[in-house]
Amino acid sequence: MVDWGQNYAAIYRAKNEYLKPVKYLDEVFFSDLLGIDHQKNEIMKNTQRFIDGLPSNNVLLWGARGTGKSSLIKAVLNEYKSQKLRLIEIDREDLDDLIEIIDKIRDLPYKFIIFCDDLSFEEGERGYKGLKRILEGSIEATPKNVKIYATSNRRHLITEYHSDNVGTKVGTNGEIHYRDSVEEKISLSDRFGLWLSFYHGTQQEYLKLVDFYFKDYKGDKKELYKHALMFAQSRASKSARTVKQFFNSFSTFDLL
């Protein structure tokens, strides 16, 4: 059993049905995250309401890769861990075990975020059934000290196929009746009360991130920008992740 007084986070290992305490947190803070002020403000408000025992939502952070979705959740933990916030990370393949995990933490004097990164389901995967039970509740009420914070590259979490629309009917008043499978797929993301969307920024926003990472750089900024943009072009991405990767490899370009 995790000593939650000493550990702020744990990772669920399904093979041994074990919550592994995290000894070294990834030290990401809100001040490190640029260009997503709206998303930061919304998740901070929601998390503070959760901690204060006020009505709050499960959160889905969806959108382009490398735009800060996972980093934002790490920053949430680092910001609020002193207020008895704790985090449990779980893989999507293990979501059927959520009920057992929550049974162990339901009555503890902490608030728990269940974090699932890169959440999406293919046809036939069963894990989303366990997730739905927690999001919506069953005959047993959903615990008040648990929220689900998930990231995904897409808003609808279960893969949709053209064949799902086979059998669609149009009523006499023009209304469309979709197959139940389509409704079920859409309804999963609907169970997250707060959606936060993330997009790749403009070139100007990308260069602002370059300035942030290279704030101690004393050389030619135009040359720095040129190499930063070449690096982004090689990865077809102007995301915060791309800037960080560029910073980590800046010596390759002999900039300093």
# chains A, B, ... in the order shown; residues from 1 in each chain; ligands from 1
call {"tool": "residues_around", "arguments": {"residues": "Ser239 (chain A)", "least_positions_apart": "3", "cutoff": "12 Å", "atoms": "only C-alpha atoms", "output": "number ranges by chain"}}
result
A: 33-36, 63-69, 198-210, 228-229, 231-233, 235-236, 242-246
call {"tool": "residues_around", "arguments": {"residues": "Leu85 (chain A)", "least_positions_apart": "5", "cutoff": "7 Å", "atoms": "only C-alpha atoms", "output": "list in words"}}
result
Leu77, Tyr80, Tyr110, Lys111 and Phe112 of chain A
call {"tool": "closest_residue", "arguments": {"among": "A:Tyr12, A:Tyr225, A:Phe250, A:Phe214", "to": "Ile114 (chain A)", "atoms": "only C-alpha atoms"}}
result
A:Tyr12
call {"tool": "atom_distance", "arguments": {"atom1": "CA of Leu196 (chain A)", "atom2": "CA of Asn41 (chain A)"}}
result
10.6 Å
call {"tool": "closest_residue", "arguments": {"among": "A:Ser82, A:Ser71, A:Ser197, A:Asn57", "to": "Asn145 (chain A)", "atoms": "only C-alpha atoms"}}
result
A:Asn57
call {"tool": "select_by_dssp", "arguments": {"residues": "region 26-160 of chain A", "states": "strand (DSSP E)", "output": "number ranges by chain"}}
result
A: 59-63, 85-89, 111-116, 146-152
call {"tool": "closest_residue", "arguments": {"among": "A:Lys132, A:Arg86, A:Arg92, A:Arg106", "to": "Ile73 (chain A)", "atoms": "only C-alpha atoms"}}
result
A:Arg86
call {"tool": "select_by_dssp", "arguments": {"residues": "region 6-162 of chain A", "states": "helix (DSSP H, G or I)", "output": "ChimeraX atom specification"}}
result
/A:14-16,30-32,37-51,69-83,92-105,127-136,162
call {"tool": "atom_distance", "arguments": {"atom1": "CA of Glu89 (chain A)", "atom2": "CA of Ile102 (chain A)"}}
result
12.5 Å
call {"tool": "atom_distance", "arguments": {"atom1": "CA of His38 (chain A)", "atom2": "CA of Ile11 (chain A)"}}
result
28.5 Å
call {"tool": "closest_residue", "arguments": {"among": "A:Met230, A:Leu135, A:Val28, A:Ala10", "to": "Asp190 (chain A)", "atoms": "only C-alpha atoms"}}
result
A:Leu135
call {"tool": "residues_around", "arguments": {"residues": "Val59 (chain A)", "least_positions_apart": "4", "cutoff": "12 Å", "atoms": "only C-alpha atoms", "output": "PyMOL selection string"}}
result
chain A and resi 39+42-47+50+69+72-73+113-117+119+135+146-152+155+189-197
call {"tool": "closest_residue", "arguments": {"among": "A:Leu61, A:Leu25, A:Val76, A:Ile99", "to": "Gln48 (chain A)", "atoms": "only C-alpha atoms"}}
result
A:Val76
call {"tool": "closest_residue", "arguments": {"among": "A:Ala141, A:Glu136, A:Lys238, A:Glu223", "to": "Asn58 (chain A)", "atoms": "only C-alpha atoms"}}
result
A:Glu136
call {"tool": "residues_around", "arguments": {"residues": "Tyr24 (chain A)", "least_positions_apart": "5", "cutoff": "10 Å", "atoms": "only C-alpha atoms", "output": "list in words"}}
result
Asn7, Tyr8 and Ala9 of chain A
call {"tool": "write_last_selection", "arguments": {"atoms": "all heavy atoms", "output": "tab-separated table (two decimals), in the first residue's frame"}}
result
chain	number	residue	atom	x	y	z
A	7	ASN	N	4.26	10.01	-0.35
A	7	ASN	CA	4.31	9.93	-1.81
A	7	ASN	C	3.15	10.70	-2.41
A	7	ASN	O	2.02	10.57	-1.97
A	7	ASN	CB	4.26	8.47	-2.27
A	7	ASN	CG	5.43	7.65	-1.74
A	7	ASN	OD1	5.27	6.85	-0.82
A	7	ASN	ND2	6.60	7.85	-2.30
A	8	TYR	N	3.45	11.48	-3.44
A	8	TYR	CA	2.43	12.31	-4.06
A	8	TYR	C	1.79	11.64	-5.28
A	8	TYR	O	0.73	12.08	-5.74
A	8	TYR	CB	3.04	13.65	-4.50
A	8	TYR	CG	3.64	14.43	-3.37
A	8	TYR	CD1	5.03	14.65	-3.32
A	8	TYR	CD2	2.85	14.93	-2.35
A	8	TYR	CE1	5.60	15.37	-2.27
A	8	TYR	CE2	3.41	15.65	-1.30
A	8	TYR	CZ	4.78	15.87	-1.28
A	8	TYR	OH	5.34	16.58	-0.23
A	9	ALA	N	2.43	10.61	-5.80
A	9	ALA	CA	1.93	9.97	-7.00
A	9	ALA	C	2.31	8.49	-7.01
A	9	ALA	O	3.24	8.07	-6.32
A	9	ALA	CB	2.48	10.65	-8.25
